[in-house]
>>> print(open('run_28.cif').read())   # mmCIF, C-alpha atoms and all ligand atoms
data_final
#
loop_
_atom_site.label_atom_id
_atom_site.label_comp_id
_atom_site.auth_asym_id
_atom_site.auth_seq_id
_atom_site.Cartn_x
_atom_site.Cartn_y
_atom_site.Cartn_z
CA MET A 849 96.43 120.19 98.25
CA THR A 850 98.26 122.99 96.51
CA LEU A 851 96.37 124.05 93.44
CA ALA A 852 97.09 127.08 91.29
CA SER A 853 94.47 129.77 91.67
CA GLY A 854 93.52 129.98 88.01
CA LEU A 855 94.37 128.77 84.56
CA THR A 856 97.05 130.58 82.61
CA ASP A 857 96.49 131.65 78.99
CA GLY A 858 98.60 128.75 77.73
CA GLU A 859 96.32 126.21 79.35
CA ALA A 860 93.39 127.06 77.14
CA GLY A 861 95.34 125.88 74.07
CA LEU A 862 97.62 123.01 73.13
CA GLN A 863 99.28 121.32 76.11
CA TRP A 864 102.85 120.02 75.77
CA LEU A 865 103.54 116.96 77.85
CA THR A 866 106.58 115.14 79.25
CA VAL A 867 105.82 111.55 80.25
CA LEU A 868 108.34 110.26 82.78
CA GLY A 869 108.17 106.46 82.67
CA SER A 870 106.29 106.31 79.36
CA THR A 871 106.91 102.61 78.73
CA GLY A 872 105.16 101.55 81.94
CA SER A 873 101.54 100.86 82.78
CA ILE A 874 100.65 104.49 83.68
CA GLY A 875 102.81 105.80 80.83
CA GLY A 876 100.91 103.66 78.31
CA SER A 877 97.52 104.77 79.67
CA THR A 878 98.64 108.41 79.51
CA LEU A 879 99.65 108.06 75.87
CA ASP A 880 96.28 106.48 75.12
CA VAL A 881 94.56 109.63 76.43
CA VAL A 882 96.94 111.75 74.32
CA ARG A 883 96.13 109.58 71.28
CA ARG A 884 92.40 110.35 71.72
CA HIS A 885 92.97 114.14 71.89
CA PRO A 886 95.57 115.13 69.30
CA GLN A 887 94.23 118.70 69.15
CA ARG A 888 94.71 119.13 72.87
CA PHE A 889 97.93 117.31 73.84
CA ARG A 890 101.37 116.96 72.23
CA VAL A 891 104.34 115.03 73.54
CA TYR A 892 107.52 116.98 74.21
CA ALA A 893 109.49 114.14 75.82
CA LEU A 894 109.20 110.46 76.70
CA THR A 895 111.46 108.67 79.17
CA ALA A 896 112.16 105.08 80.21
CA ALA A 897 114.84 103.04 81.94
CA ARG A 898 115.69 100.51 79.22
CA ASN A 899 112.64 99.27 77.27
CA VAL A 900 113.91 99.98 73.75
CA ALA A 901 111.20 98.10 71.83
CA VAL A 902 108.26 99.95 73.41
CA MET A 903 110.06 103.32 73.30
CA ARG A 904 110.78 102.87 69.58
CA GLU A 905 107.06 102.36 68.85
CA GLN A 906 106.08 105.33 71.03
CA ILE A 907 108.57 107.62 69.25
CA ILE A 908 107.27 106.59 65.85
CA GLU A 909 103.66 107.27 66.91
CA PHE A 910 104.05 110.44 69.03
CA SER A 911 107.13 112.16 67.49
CA PRO A 912 108.49 113.63 70.74
CA HIS A 913 111.27 116.23 70.56
CA ILE A 914 113.31 114.22 73.06
CA ALA A 915 113.46 110.63 74.31
CA VAL A 916 115.49 109.74 77.39
CA MET A 917 116.72 106.26 78.24
CA THR A 918 118.40 106.40 81.64
CA ASP A 919 120.52 103.40 80.65
CA ALA A 920 123.26 104.60 78.25
CA GLY A 921 123.47 101.24 76.46
CA ALA A 922 119.71 101.26 75.87
CA ALA A 923 119.94 104.83 74.50
CA GLN A 924 122.50 103.73 71.91
CA GLU A 925 120.43 100.68 71.04
CA LEU A 926 117.42 102.95 70.55
CA ARG A 927 119.33 105.34 68.25
CA ASP A 928 120.35 102.33 66.13
CA ALA A 929 116.81 100.94 66.09
CA LEU A 930 115.00 104.11 64.96
CA PRO A 931 114.11 104.36 61.27
CA PRO A 932 116.07 107.01 59.34
CA GLY A 933 114.61 110.54 59.26
CA ILE A 934 113.13 110.50 62.79
CA PRO A 935 113.99 113.91 64.31
CA THR A 936 113.67 112.80 67.99
CA GLN A 937 116.83 113.47 69.97
CA VAL A 938 117.78 110.49 72.15
CA LEU A 939 119.49 111.34 75.44
CA SER A 940 120.67 109.19 78.35
CA GLY A 941 121.30 109.50 82.07
CA THR A 942 119.29 110.67 85.04
CA GLU A 943 120.11 114.38 84.63
CA ALA A 944 118.30 114.37 81.30
CA LEU A 945 115.12 113.32 83.18
CA SER A 946 115.12 116.52 85.22
CA MET A 947 115.93 118.54 82.11
CA VAL A 948 112.88 117.27 80.16
CA ALA A 949 110.68 117.62 83.28
CA SER A 950 111.55 121.30 83.63
CA ALA A 951 112.02 122.42 79.98
CA PRO A 952 110.29 125.77 79.32
CA GLN A 953 108.27 124.31 76.41
CA VAL A 954 106.53 121.82 78.74
CA ASP A 955 103.11 122.49 80.33
CA GLN A 956 102.37 119.15 82.01
CA VAL A 957 104.58 116.41 83.44
CA MET A 958 103.23 112.92 84.05
CA ALA A 959 105.35 111.58 86.94
CA ALA A 960 105.07 107.83 86.29
CA ILE A 961 108.54 106.48 87.07
CA VAL A 962 108.29 103.75 89.68
CA GLY A 963 109.98 104.19 93.06
CA ALA A 964 112.54 106.61 94.48
CA ALA A 965 114.09 107.07 91.00
CA GLY A 966 111.15 109.38 90.26
CA LEU A 967 111.94 111.86 93.03
CA LEU A 968 114.45 114.21 91.38
CA PRO A 969 112.67 114.69 88.02
CA THR A 970 109.28 115.08 89.74
CA LEU A 971 110.79 117.72 92.02
CA ALA A 972 112.28 119.45 88.98
CA ALA A 973 108.80 119.63 87.43
CA ALA A 974 107.36 121.06 90.66
CA ARG A 975 110.12 123.65 91.02
CA SER A 976 109.63 124.86 87.47
CA GLY A 977 105.90 125.42 87.93
CA LYS A 978 104.46 122.67 85.75
CA ARG A 979 101.12 120.96 86.06
CA VAL A 980 102.44 117.88 87.89
CA LEU A 981 100.36 114.75 87.34
CA LEU A 982 101.52 112.67 90.29
CA ALA A 983 101.43 108.88 89.89
CA ASN A 984 104.84 108.34 91.53
CA LYS A 985 103.56 108.24 95.11
CA GLU A 986 106.98 107.13 96.38
CA SER A 987 108.45 110.60 95.76
CA LEU A 988 105.80 112.22 97.95
CA VAL A 989 106.17 109.57 100.66
CA MET A 990 109.96 110.07 100.75
CA ALA A 991 110.03 113.83 100.81
CA GLY A 992 106.47 115.09 101.42
CA PRO A 993 107.13 118.48 103.05
CA LEU A 994 110.05 119.31 100.71
CA PHE A 995 108.00 118.27 97.71
CA LEU A 996 105.01 120.41 98.73
CA GLN A 997 107.35 123.34 99.37
CA ALA A 998 108.73 122.96 95.82
CA VAL A 999 105.15 122.95 94.47
CA ARG A 1000 104.34 126.15 96.37
CA GLU A 1001 107.55 127.98 95.57
CA GLY A 1002 107.53 126.89 91.92
CA GLY A 1003 103.87 127.85 91.48
CA ALA A 1004 103.11 124.33 90.22
CA THR A 1005 99.66 122.73 90.02
CA LEU A 1006 99.69 119.33 91.69
CA LEU A 1007 97.02 116.86 90.61
CA PRO A 1008 96.82 113.31 91.95
CA ILE A 1009 96.75 110.40 89.51
CA ASP A 1010 96.54 107.62 92.09
CA SER A 1011 92.88 106.60 91.63
CA GLU A 1012 92.08 106.97 95.36
CA HIS A 1013 93.61 110.43 95.70
CA ASN A 1014 92.08 111.56 92.46
CA ALA A 1015 88.71 110.37 93.82
CA ILE A 1016 89.29 112.20 97.13
CA PHE A 1017 90.26 115.34 95.21
CA GLN A 1018 87.05 115.08 93.19
CA SER A 1019 85.02 114.61 96.40
CA MET A 1020 86.65 117.53 98.25
CA PRO A 1021 85.25 121.07 98.22
CA GLU A 1022 86.47 123.00 95.18
CA ASN A 1023 88.31 125.59 97.27
CA TYR A 1024 89.87 123.07 99.69
CA ARG A 1025 93.01 124.49 101.25
CA GLY A 1026 94.18 121.81 103.65
CA ASN A 1027 91.93 122.25 106.69
CA PHE A 1028 89.26 119.65 107.51
CA ALA A 1029 87.43 121.71 110.16
CA GLU A 1030 87.07 124.76 107.93
CA HIS A 1031 85.20 122.68 105.34
CA GLY A 1032 83.20 120.44 107.70
CA ILE A 1033 85.18 117.36 106.71
CA ARG A 1034 85.22 114.52 109.23
CA ARG A 1035 87.50 112.02 107.53
CA ILE A 1036 88.74 110.46 104.35
CA LEU A 1037 87.64 106.91 103.55
CA LEU A 1038 90.51 105.41 101.56
CA THR A 1039 89.35 102.33 99.70
CA ALA A 1040 91.51 99.26 99.08
CA SER A 1041 90.81 96.20 96.94
CA GLY A 1042 92.57 93.98 99.49
CA GLY A 1043 94.82 92.56 96.75
CA PRO A 1044 95.10 88.97 95.53
CA PHE A 1045 95.53 87.49 99.03
CA ARG A 1046 92.58 89.12 100.79
CA GLY A 1047 91.13 86.78 103.42
CA ARG A 1048 94.31 84.73 103.93
CA THR A 1049 95.98 84.30 107.31
CA SER A 1050 99.72 84.92 107.85
CA GLU A 1051 100.35 81.15 107.68
CA GLN A 1052 98.60 80.97 104.32
CA LEU A 1053 100.91 83.69 102.98
CA ASP A 1054 104.21 81.95 103.74
CA ASP A 1055 104.71 80.22 100.42
CA VAL A 1056 103.00 82.55 97.93
CA THR A 1057 105.00 83.08 94.74
CA PRO A 1058 105.89 86.30 92.87
CA ALA A 1059 103.60 85.19 90.00
CA GLN A 1060 100.65 84.90 92.43
CA ALA A 1061 101.50 88.23 94.06
CA VAL A 1062 101.55 90.22 90.81
CA ALA A 1063 98.21 88.79 89.59
CA HIS A 1064 95.96 91.59 90.85
CA PRO A 1065 92.22 90.81 90.75
CA ASN A 1066 91.06 94.21 89.38
CA TRP A 1067 93.95 96.38 88.16
CA SER A 1068 96.66 95.73 85.60
CA MET A 1069 99.80 97.48 86.89
CA GLY A 1070 103.60 97.36 87.02
CA GLN A 1071 105.27 94.60 89.08
CA LYS A 1072 106.37 96.71 92.05
CA ILE A 1073 102.98 98.29 92.76
CA SER A 1074 101.32 94.89 92.23
CA VAL A 1075 103.44 93.36 95.01
CA ASP A 1076 102.74 96.46 97.15
CA SER A 1077 99.02 95.83 96.62
CA ALA A 1078 99.44 92.23 97.74
CA THR A 1079 101.25 93.22 100.99
CA LEU A 1080 98.95 96.25 101.56
CA MET A 1081 102.08 98.45 101.50
CA ASN A 1082 100.47 100.20 98.54
CA LYS A 1083 97.65 101.26 100.87
CA GLY A 1084 100.22 102.26 103.48
CA LEU A 1085 102.07 104.45 100.96
CA GLU A 1086 98.70 105.86 99.87
CA LEU A 1087 97.77 106.65 103.46
CA ILE A 1088 100.94 108.74 103.76
CA GLU A 1089 100.30 110.24 100.32
CA ALA A 1090 96.78 111.28 101.42
CA CYS A 1091 98.08 112.87 104.65
CA PHE A 1092 100.61 114.98 102.72
CA LEU A 1093 98.27 115.90 99.86
CA PHE A 1094 95.27 116.81 101.97
CA GLY A 1095 97.07 118.15 105.05
CA CYS A 1096 95.69 115.70 107.61
CA GLY A 1097 96.90 113.10 110.11
CA VAL A 1098 96.79 109.30 109.86
CA ASP A 1099 93.81 109.18 112.24
CA ASP A 1100 91.83 111.31 109.78
CA VAL A 1101 92.02 108.55 107.16
CA GLN A 1102 90.17 105.26 107.49
CA VAL A 1103 91.16 102.40 105.20
CA VAL A 1104 88.12 100.51 103.91
CA VAL A 1105 88.54 97.27 101.97
CA HIS A 1106 86.15 97.31 99.00
CA PRO A 1107 86.95 94.29 96.82
CA GLN A 1108 85.05 95.48 93.71
CA SER A 1109 87.34 98.54 93.25
CA VAL A 1110 84.48 100.63 91.87
CA ILE A 1111 84.29 103.25 94.61
CA HIS A 1112 87.74 104.80 94.34
CA SER A 1113 87.55 106.59 97.74
CA MET A 1114 85.25 108.87 99.71
CA VAL A 1115 85.09 111.99 101.88
CA GLN A 1116 82.85 112.01 104.94
CA TYR A 1117 81.38 115.38 106.05
CA CYS A 1118 80.10 116.53 109.46
CA ASP A 1119 76.46 116.70 108.29
CA GLY A 1120 76.45 112.95 107.60
CA SER A 1121 77.11 113.23 103.86
CA VAL A 1122 79.62 110.94 102.21
CA LEU A 1123 80.83 111.98 98.76
CA ALA A 1124 82.42 109.33 96.57
CA GLN A 1125 83.85 108.98 93.10
CA LEU A 1126 82.96 105.78 91.25
CA GLY A 1127 84.21 104.35 88.00
CA GLN A 1128 85.68 101.36 86.20
CA PRO A 1129 89.07 100.26 87.55
CA ASP A 1130 90.84 101.93 84.61
CA MET A 1131 93.62 104.47 85.23
CA ARG A 1132 92.70 106.43 82.11
CA THR A 1133 89.85 108.02 84.13
CA PRO A 1134 92.05 109.76 86.75
CA ILE A 1135 94.70 110.47 84.10
CA ALA A 1136 92.22 112.20 81.75
CA HIS A 1137 90.66 114.00 84.71
CA ALA A 1138 93.99 115.47 85.80
CA MET A 1139 95.20 116.26 82.28
CA ALA A 1140 92.04 118.19 81.34
CA TRP A 1141 91.08 119.55 84.78
CA PRO A 1142 88.84 121.48 85.36
CA GLU A 1143 87.28 120.28 82.10
CA ARG A 1144 86.19 116.71 81.37
CA ILE A 1145 87.30 114.78 78.31
CA ASP A 1146 86.63 111.31 76.91
CA ALA A 1147 89.09 108.82 78.44
CA GLY A 1148 88.07 105.82 76.34
CA VAL A 1149 86.62 104.19 79.47
CA ALA A 1150 83.31 102.30 79.30
CA SER A 1151 80.41 103.71 81.34
CA LEU A 1152 79.69 102.05 84.64
CA ASP A 1153 76.62 99.79 84.61
CA LEU A 1154 75.35 99.56 88.19
CA PHE A 1155 73.00 96.68 87.33
CA ASP A 1156 76.01 94.66 86.17
CA LEU A 1157 77.74 95.31 89.51
CA ALA A 1158 74.68 94.59 91.65
CA ARG A 1159 76.54 94.94 94.98
CA PHE A 1160 79.33 96.67 96.87
CA ASP A 1161 81.13 95.00 99.77
CA PHE A 1162 83.15 96.62 102.54
CA GLU A 1163 85.35 95.17 105.29
CA ALA A 1164 88.12 96.28 107.65
CA PRO A 1165 91.73 95.54 106.60
CA ASP A 1166 93.45 92.62 108.38
CA GLU A 1167 96.56 94.30 109.78
CA THR A 1168 97.74 91.12 111.51
CA ALA A 1169 98.17 89.23 108.25
CA PHE A 1170 99.16 92.44 106.39
CA PRO A 1171 101.28 94.51 108.83
CA CYS A 1172 102.66 96.87 106.14
CA LEU A 1173 99.70 99.19 106.67
CA THR A 1174 100.57 99.52 110.37
CA LEU A 1175 104.23 100.12 109.50
CA ALA A 1176 103.28 102.96 107.15
CA ARG A 1177 101.11 104.58 109.82
CA ASP A 1178 104.02 104.29 112.29
CA ALA A 1179 106.41 105.82 109.75
CA PHE A 1180 104.19 108.84 109.15
CA ARG A 1181 103.75 109.36 112.90
CA ALA A 1182 107.52 109.16 113.44
CA GLY A 1183 107.91 111.75 110.66
CA GLY A 1184 111.21 113.23 109.41
CA THR A 1185 113.27 110.66 107.53
CA MET A 1186 111.16 107.63 108.60
CA PRO A 1187 108.77 107.58 105.60
CA ALA A 1188 111.81 107.62 103.26
CA VAL A 1189 113.28 104.69 105.23
CA LEU A 1190 109.99 102.76 105.02
CA ASN A 1191 109.86 103.36 101.27
CA ALA A 1192 113.49 102.41 100.59
CA ALA A 1193 113.36 99.25 102.74
CA ASN A 1194 110.15 98.27 100.96
CA GLU A 1195 111.68 98.77 97.49
CA VAL A 1196 114.61 96.51 98.39
CA ALA A 1197 112.36 93.90 100.04
CA VAL A 1198 110.02 93.79 97.02
CA GLU A 1199 112.94 93.36 94.62
CA CYS A 1200 114.35 90.53 96.76
CA PHE A 1201 110.93 88.85 96.87
CA LEU A 1202 110.55 89.13 93.07
CA ARG A 1203 114.01 87.50 92.71
CA GLU A 1204 112.82 84.76 95.10
CA GLN A 1205 115.53 85.68 97.61
CA ILE A 1206 113.08 86.18 100.49
CA PRO A 1207 109.57 84.84 101.23
CA PHE A 1208 106.52 87.12 100.95
CA THR A 1209 106.01 87.31 104.71
CA THR A 1210 109.60 88.51 105.21
CA ILE A 1211 108.78 91.78 103.38
CA PRO A 1212 107.11 93.43 106.43
CA THR A 1213 109.58 91.83 108.89
CA LEU A 1214 112.52 93.25 107.03
CA ILE A 1215 110.99 96.75 106.75
CA SER A 1216 110.12 96.71 110.44
CA GLN A 1217 113.70 95.75 111.37
CA VAL A 1218 115.19 98.54 109.26
CA MET A 1219 112.76 101.06 110.76
CA GLY A 1220 113.62 99.79 114.25
CA HIS A 1221 117.31 100.58 113.67
CA HIS A 1222 116.71 104.05 112.24
CA GLN A 1223 117.47 107.24 114.17
CA VAL A 1224 114.89 109.69 112.83
CA GLU A 1225 116.25 113.00 111.60
CA ALA A 1226 114.26 116.09 110.62
CA ALA A 1227 113.93 115.99 106.81
CA THR A 1228 115.31 119.50 106.39
CA SER A 1229 116.95 118.98 103.00
CA LEU A 1230 116.96 116.64 100.05
CA ASP A 1231 120.46 115.49 101.06
CA VAL A 1232 119.16 114.31 104.43
CA VAL A 1233 116.33 112.38 102.73
CA LEU A 1234 118.60 110.79 100.12
CA ARG A 1235 121.10 109.78 102.80
CA ALA A 1236 118.33 108.08 104.81
CA ASP A 1237 117.15 106.34 101.63
CA GLN A 1238 120.67 105.00 100.95
CA TRP A 1239 121.16 103.94 104.56
CA ALA A 1240 117.87 102.00 104.52
CA ARG A 1241 118.76 100.29 101.24
CA THR A 1242 122.10 99.11 102.63
CA GLN A 1243 120.46 97.85 105.83
CA ALA A 1244 117.64 96.08 103.98
CA SER A 1245 120.03 94.42 101.50
CA ALA A 1246 122.23 93.16 104.33
CA LEU A 1247 119.22 91.75 106.20
CA ALA A 1248 117.86 90.14 103.02
CA ALA A 1249 121.23 88.53 102.32
CA GLY A 1250 120.91 86.72 105.65
CA VAL A 1251 117.50 85.22 104.74
CA THR A 1252 116.99 82.21 102.51
CA ALA A 1253 113.68 81.93 100.69
P1 LIG A 1301 105.80 100.26 85.58
O1 LIG A 1301 106.80 99.38 86.19
O2 LIG A 1301 104.78 99.68 84.66
O3 LIG A 1301 106.55 101.44 84.77
C1 LIG A 1301 107.60 102.15 85.33
C2 LIG A 1301 108.22 103.12 84.33
O4 LIG A 1301 109.33 103.76 84.97
C3 LIG A 1301 108.79 102.46 83.07
O5 LIG A 1301 108.64 103.33 81.96
C4 LIG A 1301 110.27 102.28 83.40
O6 LIG A 1301 111.10 102.26 82.25
C5 LIG A 1301 110.54 103.51 84.24
N1 LIG A 1301 111.60 103.28 85.21
C6 LIG A 1301 111.73 102.21 86.06
N2 LIG A 1301 112.83 102.35 86.82
C7 LIG A 1301 113.41 103.51 86.44
C8 LIG A 1301 114.60 104.18 86.86
N3 LIG A 1301 115.40 103.68 87.81
N4 LIG A 1301 114.90 105.35 86.26
C9 LIG A 1301 114.11 105.87 85.31
N5 LIG A 1301 112.98 105.28 84.87
C10 LIG A 1301 112.64 104.11 85.44
O7 LIG A 1301 105.08 101.04 86.78
P2 LIG A 1301 103.58 101.62 86.84
O8 LIG A 1301 102.66 100.58 87.31
O9 LIG A 1301 103.28 102.39 85.59
O10 LIG A 1301 103.73 102.64 88.05
C11 LIG A 1301 104.39 103.89 87.92
C12 LIG A 1301 104.13 104.73 89.15
O11 LIG A 1301 102.74 105.03 89.22
C13 LIG A 1301 104.47 104.04 90.48
O12 LIG A 1301 104.98 104.99 91.37
C14 LIG A 1301 103.14 103.52 90.97
O13 LIG A 1301 103.07 103.42 92.38
C15 LIG A 1301 102.20 104.61 90.46
N6 LIG A 1301 100.82 104.15 90.24
C16 LIG A 1301 100.56 103.18 89.34
C17 LIG A 1301 99.26 102.73 89.13
C18 LIG A 1301 98.94 101.69 88.09
O14 LIG A 1301 97.75 101.39 87.87
N7 LIG A 1301 99.90 101.11 87.41
C19 LIG A 1301 98.23 103.30 89.88
C20 LIG A 1301 98.52 104.29 90.81
C21 LIG A 1301 99.83 104.72 90.98
MG MG A 1302 95.99 103.64 94.14
#
>>> encode(input="run_28.cif", output="structure tokens")
Amino acid sequence: MTLASGLTDGEAGLQWLTVLGSTGSIGGSTLDVVRRHPQRFRVYALTAARNVAVMREQIIEFSPHIAVMTDAGAAQELRDALPPGIPTQVLSGTEALSMVASAPQVDQVMAAIVGAAGLLPTLAAARSGKRVLLANKESLVMAGPLFLQAVREGGATLLPIDSEHNAIFQSMPENYRGNFAEHGIRRILLTASGGPFRGRTSEQLDDVTPAQAVAHPNWSMGQKISVDSATLMNKGLELIEACFLFGCGVDDVQVVVHPQSVIHSMVQYCDGSVLAQLGQPDMRTPIAHAMAWPERIDAGVASLDLFDLARFDFEAPDETAFPCLTLARDAFRAGGTMPAVLNAANEVAVECFLREQIPFTTIPTLISQVMGHHQVEAATSLDVVLRADQWARTQASALAAGVTA
């Protein structure tokens, strides 16, 4: 984990924020934390793909300097929909995302765009030395070493928003610098809810529908991550995310299914201690933690009542019924461009499943086939990574076109 050594003068005062993906689930939770702390946080820019109605409301409430809609038609629709006298400048296109992520006025960037589309603006925030609040795990999975290099060279502070990684960060020694042995760490215990289909066999997964897959038992999230949770690819991506963030290998991370989603992850030490972070399954906790770190602020989250919970359960993941976790481990071990290929093939497969073009159980098959055809290259530049991403998308789309749901 690359953390800045100390707080700068600016961090003691008002913090200006860009929220990439503000109309989504994480974006909305972030703005709720901002809403609770108007003396502490102000919004510099909000961005979305094309949700004009939600963006309009957010602009009226938070008065950002800039709003970006990546879709040009949606940007024009938004300009027409805003009441007269609103000073917010509405921009469009993907370049504007990187501009608002790196603007000199900005202190913190919430990276909450879903998928590979988040990579370039999140990198721009890292390169320009922002406090990067990383929800967009896909960007780290695609380009881990390049991303961490940008954080180091830009002097950025990287704080994990993913609840598991935020929990691991909170359970790590304060001065952790990426070496388990030096700190007496034995392994990371990465918890997983198991998703809506926990306990089913492969045969019982054949005919599950998109509506069933996005109905997560504990968390309310965007569609793509909900499907990833159902296939366990979300845990696979998180395994890779943990290895990059905490400088360890896949064998240093054990996935533990914990259906209550109250323990958000743990760190096991060589003296037998296990440190954990617990809380309600509400993303405002990790978001508020990262936004105010190293202070603590009210996140609007109810206190945990252990008597209400009564019990915690744990079980091993079923990697026969849910092979995506194995595929992610294989991709990290292969290294280079393979994690980007895994991610891109998964994005295409999930989209095809949501459009009912392929069955649920074809998601891992398709990813595995694309990975099987890939010649791994060293991920020496962003161009190499983006080329591998494109290649995998083309392969996955072609394979999906040959499958009938
Ligand atoms: P979401 O689908 O609810 O929101 C996605 C946001 O990104 C929206 O504002 C959308 O307009 C924008 N967007 C989508 N495609 C875009 C594109 N091509 N270009 C620019 N903007 C685009 O997703 P979410 O659940 O909020 O997840 C966001 C990210 O956070 C994902 O990477 C996810 O893995 C991660 N994450 C989410 C949760 C959660 O609880 N929702 C938890 C941990 C991590
Ligand atoms: Mg998570």
>>> closest_residue(input="run_28.cif", among="A:Leu1202, A:Val1233, A:Met1219, A:Ala1063", to="Leu967 (chain A)", atoms="all atoms listed in the file")
A:Val1233
>>> residues_near_ligand(input="run_28.cif", ligand="ligand LIG 1301 (chain A)", cutoff="8 Å", atoms="all atoms listed in the file", output="PyMOL selection string")
chain A and resi 868-876+895-899+917-918+942+945+959-966+982-987+1009-1011+1067-1074+1082+1130-1131
>>> closest_residue(input="run_28.cif", among="A:Ser1229, A:Ser1041, A:Ser1121, A:Gln1217", to="ligand MG 1302 (chain A)", atoms="all atoms listed in the file")
A:Ser1041
>>> closest_residue(input="run_28.cif", among="A:Ser1019, A:Ser976, A:Thr1133, A:Thr878", to="Tyr1117 (chain A)", atoms="all atoms listed in the file")
A:Ser1019
>>> closest_residue(input="run_28.cif", among="A:Asn1194, A:Thr1168, A:Gln1116, A:Asn1014", to="ligand MG 1302 (chain A)", atoms="all atoms listed in the file")
A:Asn1014
>>> atom_distance(input="run_28.cif", atom1="atom MG of ligand MG 1302 (chain A)", atom2="CA of Ser940 (chain A)")
29.8 Å
>>> atom_distance(input="run_28.cif", atom1="CA of Trp864 (chain A)", atom2="CA of Arg890 (chain A)")
4.9 Å
>>> residues_around(input="run_28.cif", residues="Ala998 (chain A)", least_positions_apart="5", cutoff="10 Å", atoms="all atoms listed in the file", output="VMD selection string")
chain A and resid 970 to 977 992 to 993 1003 to 1004
>>> atom_distance(input="run_28.cif", atom1="CA of Ala1090 (chain A)", atom2="CA of Pro1008 (chain A)")
9.7 Å
>>> closest_atom_pairs(input="run_28.cif", of="region 923-1028 of chain A", to="region 882-889 of chain A", cutoff="12 Å", atoms="only C-alpha atoms", output="JSON lines")
{"residue": "A:Val954", "atom": "CA", "partner": "A:Phe889", "partner_atom": "CA", "distance": 10.9}
{"residue": "A:Asp955", "atom": "CA", "partner": "A:Phe889", "partner_atom": "CA", "distance": 9.8}
{"residue": "A:Gln956", "atom": "CA", "partner": "A:Phe889", "partner_atom": "CA", "distance": 9.5}
{"residue": "A:Val957", "atom": "CA", "partner": "A:Phe889", "partner_atom": "CA", "distance": 11.7}
{"residue": "A:Met958", "atom": "CA", "partner": "A:Val882", "partner_atom": "CA", "distance": 11.6}
>>> closest_residue(input="run_28.cif", among="A:Gln906, A:Gln953, A:Thr1049, A:Ser1077", to="ligand MG 1302 (chain A)", atoms="only C-alpha atoms and all ligand atoms")
A:Ser1077
>>> residues_around(input="run_28.cif", residues="Val989 (chain A)", least_positions_apart="5", cutoff="7 Å", atoms="all atoms listed in the file", output="number ranges by chain")
A: 1085, 1088-1089, 1187-1188
>>> residues_near_point(input="run_28.cif", point="(88.9, 100.9, 101.1)", cutoff="9 Å", atoms="all atoms listed in the file", output="list in words")
Glu1012, Leu1037, Leu1038, Thr1039, Ala1040, Ser1041, Gly1042, Lys1083, Gln1102, Val1103, Val1104, Val1105, His1106, Pro1107, Ser1109, Ile1111, His1112, Ser1113, Met1114, Phe1162, Glu1163, Ala1164 and Pro1165 of chain A
>>> closest_residue(input="run_28.cif", among="A:Leu1173, A:Leu1093, A:Pro1129, A:Leu894", to="Asn1066 (chain A)", atoms="all atoms listed in the file")
A:Pro1129
>>> residues_around(input="run_28.cif", residues="Val900 (chain A)", least_positions_apart="6", cutoff="8 Å", atoms="only C-alpha atoms", output="short mmCIF file (atom, residue, chain, number, x, y, z; two decimals) with C-alpha atoms, keeping the file's coordinate frame")
data_model
loop_
_atom_site.label_atom_id
_atom_site.label_comp_id
_atom_site.auth_asym_id
_atom_site.auth_seq_id
_atom_site.Cartn_x
_atom_site.Cartn_y
_atom_site.Cartn_z
CA ALA A 922 119.71 101.26 75.87
CA ALA A 923 119.94 104.83 74.50
CA GLU A 925 120.43 100.68 71.04
CA LEU A 926 117.42 102.95 70.55
#
>>> residues_around(input="run_28.cif", residues="Val891 (chain A)", least_positions_apart="5", cutoff="7 Å", atoms="all atoms listed in the file", output="list of chain:residue names")
A:Trp864, A:Leu865, A:Thr866, A:Phe910, A:Pro912
>>> write_last_selection(input="run_28.cif", atoms="C-alpha atoms", output="PDB file, keeping the file's coordinate frame")
ATOM      1  CA  TRP A 864     102.850 120.020  75.770  1.00  0.00           C
ATOM      2  CA  LEU A 865     103.540 116.960  77.850  1.00  0.00           C
ATOM      3  CA  THR A 866     106.580 115.140  79.250  1.00  0.00           C
ATOM      4  CA  PHE A 910     104.050 110.440  69.030  1.00  0.00           C
ATOM      5  CA  PRO A 912     108.490 113.630  70.740  1.00  0.00           C
TER       6      PRO A 912
END
